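Before any comments, here is the structure.
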Amino acid sequence: MVGTARRYNVRGGGTWLPGWLRVPGRSTARYRFELERALNDGPAAGLSALAVELDLFSAGVADLRLASHVEVLREKVFSLIENVRQLGGMIHPPVLAEGLEPTCLSVAERYDLRLGLDLPDHELGSQGRLRTGLLVADRLATLEPGTTVRVRVRGRRFVRVRITEQRPGSQVRRNLRAVLLCG
């Protein structure tokens, strides 16, 4: 391209090469975990306490119209609690602590994806598991329901991730890659 300069790199900043996924860094993974904890411990816990107070209040209400209104409010609070927990799960899936396979399966089930996993026989280190899990979960969350996805993970210190996806009704397979330095 004449007159324009573009930087292509895999570590961070600049423009990404087609087919490469943006890898979450260590600080990003930590921040997302802390944000999910803050959502769970703050708004979700506060809304849960409000739901308990509404339950206690509704038990002492004799007026049927008022009791009905309290029940509607209680249902709205429960819906808000679930929304906050889902948002937290999208930021940092709680199942990441259980491992890469449960994380992938949980996210694929949530988004109605057909998932094939090809994971290493060995356990990844905590940073490798966390960052790889976030990378894969973020990608899976962008796909439309019914997409067929194959996730392949290899390596220990240099973790290589390859995600192959085929959208419903399409014959085209898209291959995406990432390399994480986890050592």
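Scheme for the structure tokens: letters A, B, ... for chains in order shown; per-chain residue numbers from 1; ligand numbers from 1 in order shown.
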
Considering only C-alpha atoms, return as a VMD selection string whatever protein or nucleic-acid residues lie within 10 Å of stretch 20-28 of chain A, sequence-local ones (same chain, fewer than 2 positions apart) excluded. chain A and resid 9 to 13 16 to 18 30 to 34 127 to 128 130 to 136 138 to 139 161 to 163 175 to 182

Per-residue nearest contacts of stretch 65-165 of chain A to stretch 35-48 of chain A (12 Å; only C-alpha atoms) as a Markdown table:
| residue | atom | partner | partner_atom | distance |
| --- | --- | --- | --- | --- |
| A:Leu73 | CA | A:Leu47 | CA | 11.5 |
| A:Arg74 | CA | A:Leu47 | CA | 9.9 |
| A:Glu75 | CA | A:Leu47 | CA | 11.4 |
| A:Lys76 | CA | A:Leu47 | CA | 10.1 |
| A:Val77 | CA | A:Leu47 | CA | 6.4 |
| A:Phe78 | CA | A:Ser48 | CA | 7.6 |
| A:Ser79 | CA | A:Leu47 | CA | 9.9 |
| A:Leu80 | CA | A:Leu47 | CA | 7.6 |
| A:Ile81 | CA | A:Ala44 | CA | 5.3 |
| A:Glu82 | CA | A:Ala44 | CA | 8.2 |
| A:Asn83 | CA | A:Ala44 | CA | 9.0 |
| A:Val84 | CA | A:Ala44 | CA | 6.2 |
| A:Arg85 | CA | A:Asn40 | CA | 6.5 |
| A:Gln86 | CA | A:Glu36 | CA | 9.9 |
| A:Leu87 | CA | A:Glu36 | CA | 8.1 |
| A:Gly88 | CA | A:Glu36 | CA | 4.6 |
| A:Gly89 | CA | A:Glu36 | CA | 7.1 |
| A:Met90 | CA | A:Glu36 | CA | 8.7 |
| A:Ile91 | CA | A:Glu36 | CA | 6.3 |
| A:His92 | CA | A:Glu36 | CA | 6.0 |
| A:Pro93 | CA | A:Glu36 | CA | 8.4 |
| A:Pro94 | CA | A:Glu36 | CA | 8.5 |

So that I can check the secondary structure, give me every residue of stretch 42-166 of chain A assigned strand (DSSP E or B) by backbone DSSP, as a ChimeraX atom specification. /A:114-118,148-154,158-166

Neighbour list for stretch 113-116 of chain A as a JSON list (two decimals) with N, CA and C atoms, in the first residue's frame, cut-off 9 Å, only C-alpha atoms, skip fewer than 2 positions in-chain:
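So the final result, stored in part09.json, reads:
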[["chain", "number", "residue", "atom", "x", "y", "z"],
["A", 104, "CYS", "N", -14.81, -24.74, 28.11],
["A", 104, "CYS", "CA", -15.23, -24.81, 26.71],
["A", 104, "CYS", "C", -16.62, -25.42, 26.58],
["A", 105, "LEU", "N", -16.85, -26.51, 27.30],
["A", 105, "LEU", "CA", -18.15, -27.18, 27.23],
["A", 105, "LEU", "C", -19.27, -26.29, 27.74],
["A", 107, "VAL", "N", -19.38, -22.93, 27.89],
["A", 107, "VAL", "CA", -19.63, -21.81, 26.98],
["A", 107, "VAL", "C", -20.32, -22.31, 25.71],
["A", 108, "ALA", "N", -19.88, -23.45, 25.18],
["A", 108, "ALA", "CA", -20.51, -24.00, 23.97],
["A", 108, "ALA", "C", -21.98, -24.35, 24.22],
["A", 109, "GLU", "N", -22.27, -24.87, 25.39],
["A", 109, "GLU", "CA", -23.66, -25.19, 25.73],
["A", 109, "GLU", "C", -24.50, -23.92, 25.83],
["A", 110, "ARG", "N", -23.94, -22.88, 26.46],
["A", 110, "ARG", "CA", -24.66, -21.62, 26.62],
["A", 110, "ARG", "C", -25.02, -21.01, 25.27],
["A", 111, "TYR", "N", -24.11, -21.10, 24.29],
["A", 111, "TYR", "CA", -24.33, -20.48, 22.98],
["A", 111, "TYR", "C", -24.80, -21.46, 21.92],
["A", 118, "ASP", "N", -9.75, -30.87, 21.16],
["A", 118, "ASP", "CA", -8.50, -31.62, 21.02],
["A", 118, "ASP", "C", -7.51, -30.94, 21.97],
["A", 140, "LEU", "N", -15.82, -18.18, 21.27],
["A", 140, "LEU", "CA", -17.07, -18.95, 21.20],
["A", 140, "LEU", "C", -18.29, -18.06, 21.41],
["A", 143, "LEU", "N", -19.91, -16.47, 18.21],
["A", 143, "LEU", "CA", -20.43, -17.30, 17.13],
["A", 143, "LEU", "C", -21.94, -17.46, 17.21],
["A", 144, "GLU", "N", -22.55, -17.65, 16.05],
["A", 144, "GLU", "CA", -24.00, -17.82, 16.03],
["A", 144, "GLU", "C", -24.36, -19.26, 16.43],
["A", 145, "PRO", "N", -25.54, -19.45, 17.01],
["A", 145, "PRO", "CA", -25.95, -20.79, 17.43],
["A", 145, "PRO", "C", -25.90, -21.77, 16.26],
["A", 146, "GLY", "N", -25.51, -23.00, 16.56],
["A", 146, "GLY", "CA", -25.44, -24.05, 15.55],
["A", 146, "GLY", "C", -24.10, -24.13, 14.85],
["A", 147, "THR", "N", -23.19, -23.23, 15.13],
["A", 147, "THR", "CA", -21.87, -23.25, 14.51],
["A", 147, "THR", "C", -21.10, -24.47, 15.00],
["A", 148, "THR", "N", -20.41, -25.12, 14.08],
["A", 148, "THR", "CA", -19.55, -26.25, 14.42],
["A", 148, "THR", "C", -18.15, -25.70, 14.67],
["A", 149, "VAL", "N", -17.59, -26.03, 15.82],
["A", 149, "VAL", "CA", -16.30, -25.48, 16.23],
["A", 149, "VAL", "C", -15.39, -26.60, 16.70],
["A", 150, "ARG", "N", -14.13, -26.52, 16.28],
["A", 150, "ARG", "CA", -13.11, -27.45, 16.77],
["A", 150, "ARG", "C", -12.01, -26.61, 17.42],
["A", 151, "VAL", "N", -11.69, -26.93, 18.66],
["A", 151, "VAL", "CA", -10.65, -26.21, 19.40],
["A", 151, "VAL", "C", -9.50, -27.18, 19.63],
["A", 152, "ARG", "N", -8.31, -26.78, 19.19],
["A", 152, "ARG", "CA", -7.11, -27.60, 19.37],
["A", 152, "ARG", "C", -6.10, -26.77, 20.16]]

Atom pair atom CA of A:Arg156 / atom CA of A:Leu119: separation (Å):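 Separation between atom CA of A:Arg156 and atom CA of A:Leu119: 11.5 Å.
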
How far is it from atom CA of A:Glu101 to atom CA of A:Leu117, in Å with one decimal?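 Atom CA of A:Glu101 sits 7.7 Å away from atom CA of A:Leu117.
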
Extract, using only C-alpha atoms, all DNA, RNA and protein residues at most 9 Å from A:Ala97, discarding same-chain residues fewer than 6 positions from it, and format them as a list in words. Thr103, Ser126, Arg129 and Leu130 of chain A

DSSP alpha helix (DSSP H) selection over chain A, as a PyMOL selection string: chain A and resi 26-39+45-59+64-91+100-110+126-140

Just give me the gap between atom CA of A:Leu100 and atom CA of A:Ala137 in Å, one decimal is fine.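 Atom CA of A:Leu100 sits 9.6 Å away from atom CA of A:Ala137.
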
Can you tell me which residues surround A:His122 at a distance of at most 10 Å, considering only C-alpha atoms, apart from same-chain residues fewer than 2 positions away, and format the answer as a PyMOL selection string? chain A and resi 119-120+124-125+154-156

Let me see the file: selected residues, N, CA and C atoms, as a short mmCIF file (atom, residue, chain, number, x, y, z; two decimals), in the first residue's frame.
data_model
loop_
_atom_site.label_atom_id
_atom_site.label_comp_id
_atom_site.auth_asym_id
_atom_site.auth_seq_id
_atom_site.Cartn_x
_atom_site.Cartn_y
_atom_site.Cartn_z
N LEU A 119 -7.53 -31.37 23.23
CA LEU A 119 -6.73 -30.74 24.27
C LEU A 119 -5.52 -31.59 24.61
N PRO A 120 -4.47 -30.99 25.17
CA PRO A 120 -3.28 -31.75 25.52
C PRO A 120 -3.55 -32.74 26.64
N LEU A 124 -2.38 -27.73 31.77
CA LEU A 124 -1.70 -26.45 31.57
C LEU A 124 -1.49 -25.78 32.92
N GLY A 125 -0.48 -24.94 33.02
CA GLY A 125 -0.27 -24.15 34.23
C GLY A 125 -1.43 -23.19 34.44
N ARG A 154 -2.21 -27.00 22.04
CA ARG A 154 -0.96 -27.75 22.17
C ARG A 154 0.09 -26.90 22.87
N GLY A 155 1.04 -27.57 23.51
CA GLY A 155 2.18 -26.89 24.10
C GLY A 155 2.07 -26.74 25.60
N ARG A 156 3.18 -26.26 26.18
CA ARG A 156 3.25 -25.99 27.62
C ARG A 156 3.67 -24.55 27.84
#
